[in-house]
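Peer 1: Before anything else, here's the structure in question.
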Amino acid sequence: MDLHDAQAWLTNLTNELSVQFSKVPGSAILLRYVKSSYQDDPIRSAVELFLFLFAVRYLLAPSYKPQSNSFVKLSDEVPTQSATHNLPSLTIRQEIDELVDDWTPEPLVAPQTALEEAENEKRPVIVGPTGPKSKLANGRTVTNLASYNFYNLVANETLKEKAIQVLRTYGVGPCSPPGFYGTQDVHIKTEADIAAHLGAAACIVYAQAFSTISSVIPAFSKRGDVIVADKAVNFAIRKGIQISRSSVWWYEHNDLKDMERVLEKVVKEQARKPLTRRFIVTEGLSENVGDIIDLPKIIELKLRFKFRLIVDESWSYGVLGRTGAGITEQQNIDARDVDMIIGSLAGPLCAGGGFCAGSEEIVEHQRIAAAAYTFSAALPAMLATTASEVINMLQTTPDMLLPLRDNVKTMWTQLDPRSEWVRCTSSIDSPIMILILKSDIVSGRKLTIGDQEQIMQDVVDEALANGVMITRLKSMPRGQHASAKEIGWELQPALKVCLTSGLTKKEIERAGVVIRHAITKIMKSRR
C-alpha cells in the first residue's frame with residue numbers, strides 16, 4: 001500500500017466514524033459545544049480534554065496496593081502452598097492471632113498515680129449551690145474557698161430572675177453554630193457590652209472559655225509563623241500553640257529582660273528568611289503563678305520588634321481595674337494597643353463562654369477561621385445575658401469590687417507573713433492566692449515534686465477536716481513517655497485559695513488561721 005492508498009483509507013475510516021458518531025443521540029450537541037468552545041477558548045478545551053483523560057485513567061487504574069514493607073513479616077517457618085493444601089492458611093492465621101494478642105495499645109491517658117487515687121476517694125461533693133458556705137454530701141457545711149464565686153454572684157437574686165426570664169424566652173440553647181442560625185440578639189449585645197467595657201473596636205463571643213484562646217491562636221498563627229510565649233502560660237494557651245504548629249520561642253516567666261533577648265534573637269534569625277507573622281503570647285494575670293505582667297513595657301517591646309500581642313485575661317478581666325475591665329484599665333493602657341485580648345466569662349463573671357476583643361478585621365476573621373466559633377453551638381442566651389448583666393453591674397457599681405479586695409488583704413495578713421513554711425506568689429490584686437513552700441524548706445528537706453504534691457494534698461485534707469475547703473494547683477497533663485525537654489516548664493506544687501466577698505472579715509480571718517495551722521501541722525508531722 002503506497003502513501004496515496006493509505007491517505008484514502010484513512011479518509012474513508014474518518015468518514016465512517018463520523019457517520020456512526022452522528023447516529024449517537026446527542027452527538028450533534030456535543031460536537032457543536034466542542035467547536036464553539038474551541039473557537040471561543042481553546043485553552044479551556046485543552047484543560048477539559050486533560051480532565052477527561054485523567055478521569056478515564058483514574059477509573060481504569062488498578063486498585064490501590066499498599067507498600068510491601070507496611071505488612072508485619074511472618075516467620076520463615078510457615079509452610080508454603082506446595083507443602084500442603086490447608087495447613088498454610090491455618091498456620092498464618094494462628095501466627096497473626098498471636099501477634100494481635102501480644103500487641104498492647106498505648107493508653108490515651110496516663111494511669112492514675114497513688115496520689116490521684118487517694119484524692120479521688122476523698123474528693124468532697126457539694127450539694128446545692130457553690131456559695132461561700134457550701135453543704136457537702138456528708139451533711140457538713142464548710143467555708144468554700146475553692147470556687148471562683150468572687151463576688152458571691154451565685155446568691156444574686158436579680159441575676160437569677162433575669163436568667164430564668166431569658167430561659168423561658170430563648171430556651172436552653174440555640175443548638176447551632178453562630179455562623180448558621182445560632183447568633184441571637186443577646187449575643188450581639190454581649191459582644192457590644194464587652195467591647196465598650198474594654199474600649200476595644202469589636203468583640204467576638206465563644207461558647208467555651210477554654211476553647212477561646214486555643215482557637216484564637218491557630219486562627220492567626222500557622223506553620224512557619226513565630227510565637228514568643230511565657231514559659232508559665234496556662235494549659236489552654238499551650239494547646240493553642242500546639243495546634244498552630246508554629247515555631248515557638250519561650251522566655252522565662254514574667255522576665256522582660258529575657259523576653260527582650262528572645263525577641264532580638266528571633267528578629268536576627270528571621271532576617272535571613274521570608275517574612276512571617278510573629279506573635280507575643282502572655283497572660284495578664286498568670287493562672288499558674290498569680291503575678292501580673294508589666295503591660296506598658298511589653299507593648300513597647302512589641303512595637304520595637306514589630307510583633308503582634310495576644311494577652312489572655314481569663315483571670316484578670318472582671319478582677320483588675322477600677323471597674324474590672326482588666327489589665328489595660330489597671331495599668332492605664334488603651335485596649336487598642338493590644339492586638340488581641342482574650343477573656344473568660346465563666347470565672348469572675350459567673351456566666352459561661354469566652355471572648356476575644358480587637359479590631360474589626362481581627363474579629364471578623366475569627367468568624368470564619370476559628371474552630372471553636374465555627375464548629376460549636378453558640379453560647380446559651382441565658383449565659384450571654386448573665387455576662388452582660390454582670391458587666392453592667394461592674395460599670396455602674398464599681399464599689400462591689402472593694403469587699404473582695406479587702407478580704408484578699410485580710411487573708412494575706414493571716415498567711416504570707418505569719419507562716420514560716422509557705423509564701424504567696426500571687427499579686428495582692430488577685431483573688432486567687434497561690435501558696436508554695438519556701439525555697440529553703442524545699443532544699444533543706446530535699447523535697448521532690450511528688451513530695452510537695454503529697455504535702456499540699458495533706459494540707460487540703462486537714463483544712464477540710466476543720467471546716468475550710470481549699471484546693472491545690474494541679475500540674476498540666478503530660479504526654480506519654482515525655483522527655484524533660486518536651487515537658488518544659490513545670491509549676492511548683494501549690495495551694496490554691498480563692499477568696500470571695502460573700503464572707504465577713506472575721507470569717508476570712510478564721511479561715512486563714514485554719515489554713516495556717518493545717519500547714520504547720522502537716523509540715524511538723526513530716527520531720
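Naming works like this for the C-alpha cells: A, B, ... for the chains as they're shown, residue 1 at the start of each chain, ligands 1 onward in shown order.
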Fewer than 6 positions away in the same chain doesn't count, so skip those; otherwise give me all residues within 6 Å of range 181-198 of chain A, counting only C-alpha atoms, as a list in words.

Peer 2: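 Close residues of range 181-198 of chain A: Pro174, Ile204, Ala325, Ala378 and Ser388 of chain A.
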
Peer 1: Just the residues within 10 Å of range 254-258 of chain A, please, counting only C-alpha atoms, with nothing from its chain fewer than 2 positions along; format it as a list of chain:residue names.

Peer 2: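 Near range 254-258 of chain A, the qualifying residues are A:Asp230, A:Lys231, A:Ala232, A:Trp250, A:Tyr251, A:Glu252, A:Glu260, A:Arg261, A:Val262, A:Leu263, A:Glu264, A:Thr282, A:Glu283, A:Ser286, A:Val289, A:Asp291, A:Ile292, A:Ile293, A:Asp294, A:Lys297, A:Ile298, A:Leu301.
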
Peer 1: Interatomic distance between CA of Glu119 in chain A and CA of Ala146 in chain A?

Peer 2: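 It comes out at 15.0 Å.
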
Peer 1: Quick one: residues within 8 Å of Ile341 in chain A, only C-alpha atoms counted, chain neighbours fewer than 4 positions away excluded, as number ranges by chain?

Peer 2: A: 310-313, 335, 356-358

Peer 1: For C-alpha atoms, I'd like the residues from the last selection saved as a short mmCIF file (atom, residue, chain, number, x, y, z; two decimals), in the first residue's frame.

Peer 2:
```cif
data_model
loop_
_atom_site.label_atom_id
_atom_site.label_comp_id
_atom_site.auth_asym_id
_atom_site.auth_seq_id
_atom_site.Cartn_x
_atom_site.Cartn_y
_atom_site.Cartn_z
CA ILE A 310 -2.04 38.38 72.36
CA VAL A 311 -2.94 38.81 76.05
CA ASP A 312 -5.03 36.21 77.85
CA GLU A 313 -7.12 37.95 80.51
CA ALA A 335 -7.06 48.41 74.79
CA CYS A 356 -11.72 37.90 72.02
CA ALA A 357 -11.58 41.68 71.58
CA GLY A 358 -9.61 43.54 68.94
#
```

Peer 1: For Gln242 in chain A, please output as JSON, numbers by chain all residues within 9 Å (counting only C-alpha atoms; exclusion window: fewer than 5 positions along the same chain).

Peer 2: {"A": [214, 218, 237]}

Peer 1: Keeping only all heavy atoms, write those residues as a compact mmCIF listing (two decimals), in the first residue's frame.

Peer 2:
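The result, stored in selection-v4.txt:
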```txt
# COMPACT_ATOMS: atom_id res chain seq x y z
N SER A 214 -7.39 28.68 72.77
CA SER A 214 -6.83 27.58 71.99
C SER A 214 -7.33 27.58 70.55
O SER A 214 -6.83 26.81 69.73
CB SER A 214 -7.16 26.23 72.66
OG SER A 214 -8.55 26.07 72.81
N PRO A 218 -4.39 29.42 66.76
CA PRO A 218 -4.23 28.79 65.44
C PRO A 218 -5.03 29.45 64.33
O PRO A 218 -4.79 29.18 63.15
CB PRO A 218 -4.72 27.35 65.67
CG PRO A 218 -5.59 27.42 66.87
CD PRO A 218 -5.04 28.50 67.73
N ILE A 237 -3.53 27.89 76.57
CA ILE A 237 -2.61 28.57 75.64
C ILE A 237 -1.67 27.55 75.01
O ILE A 237 -1.38 27.60 73.80
CB ILE A 237 -1.84 29.67 76.37
CG1 ILE A 237 -2.78 30.80 76.80
CG2 ILE A 237 -0.73 30.24 75.48
CD1 ILE A 237 -2.11 31.91 77.57
```
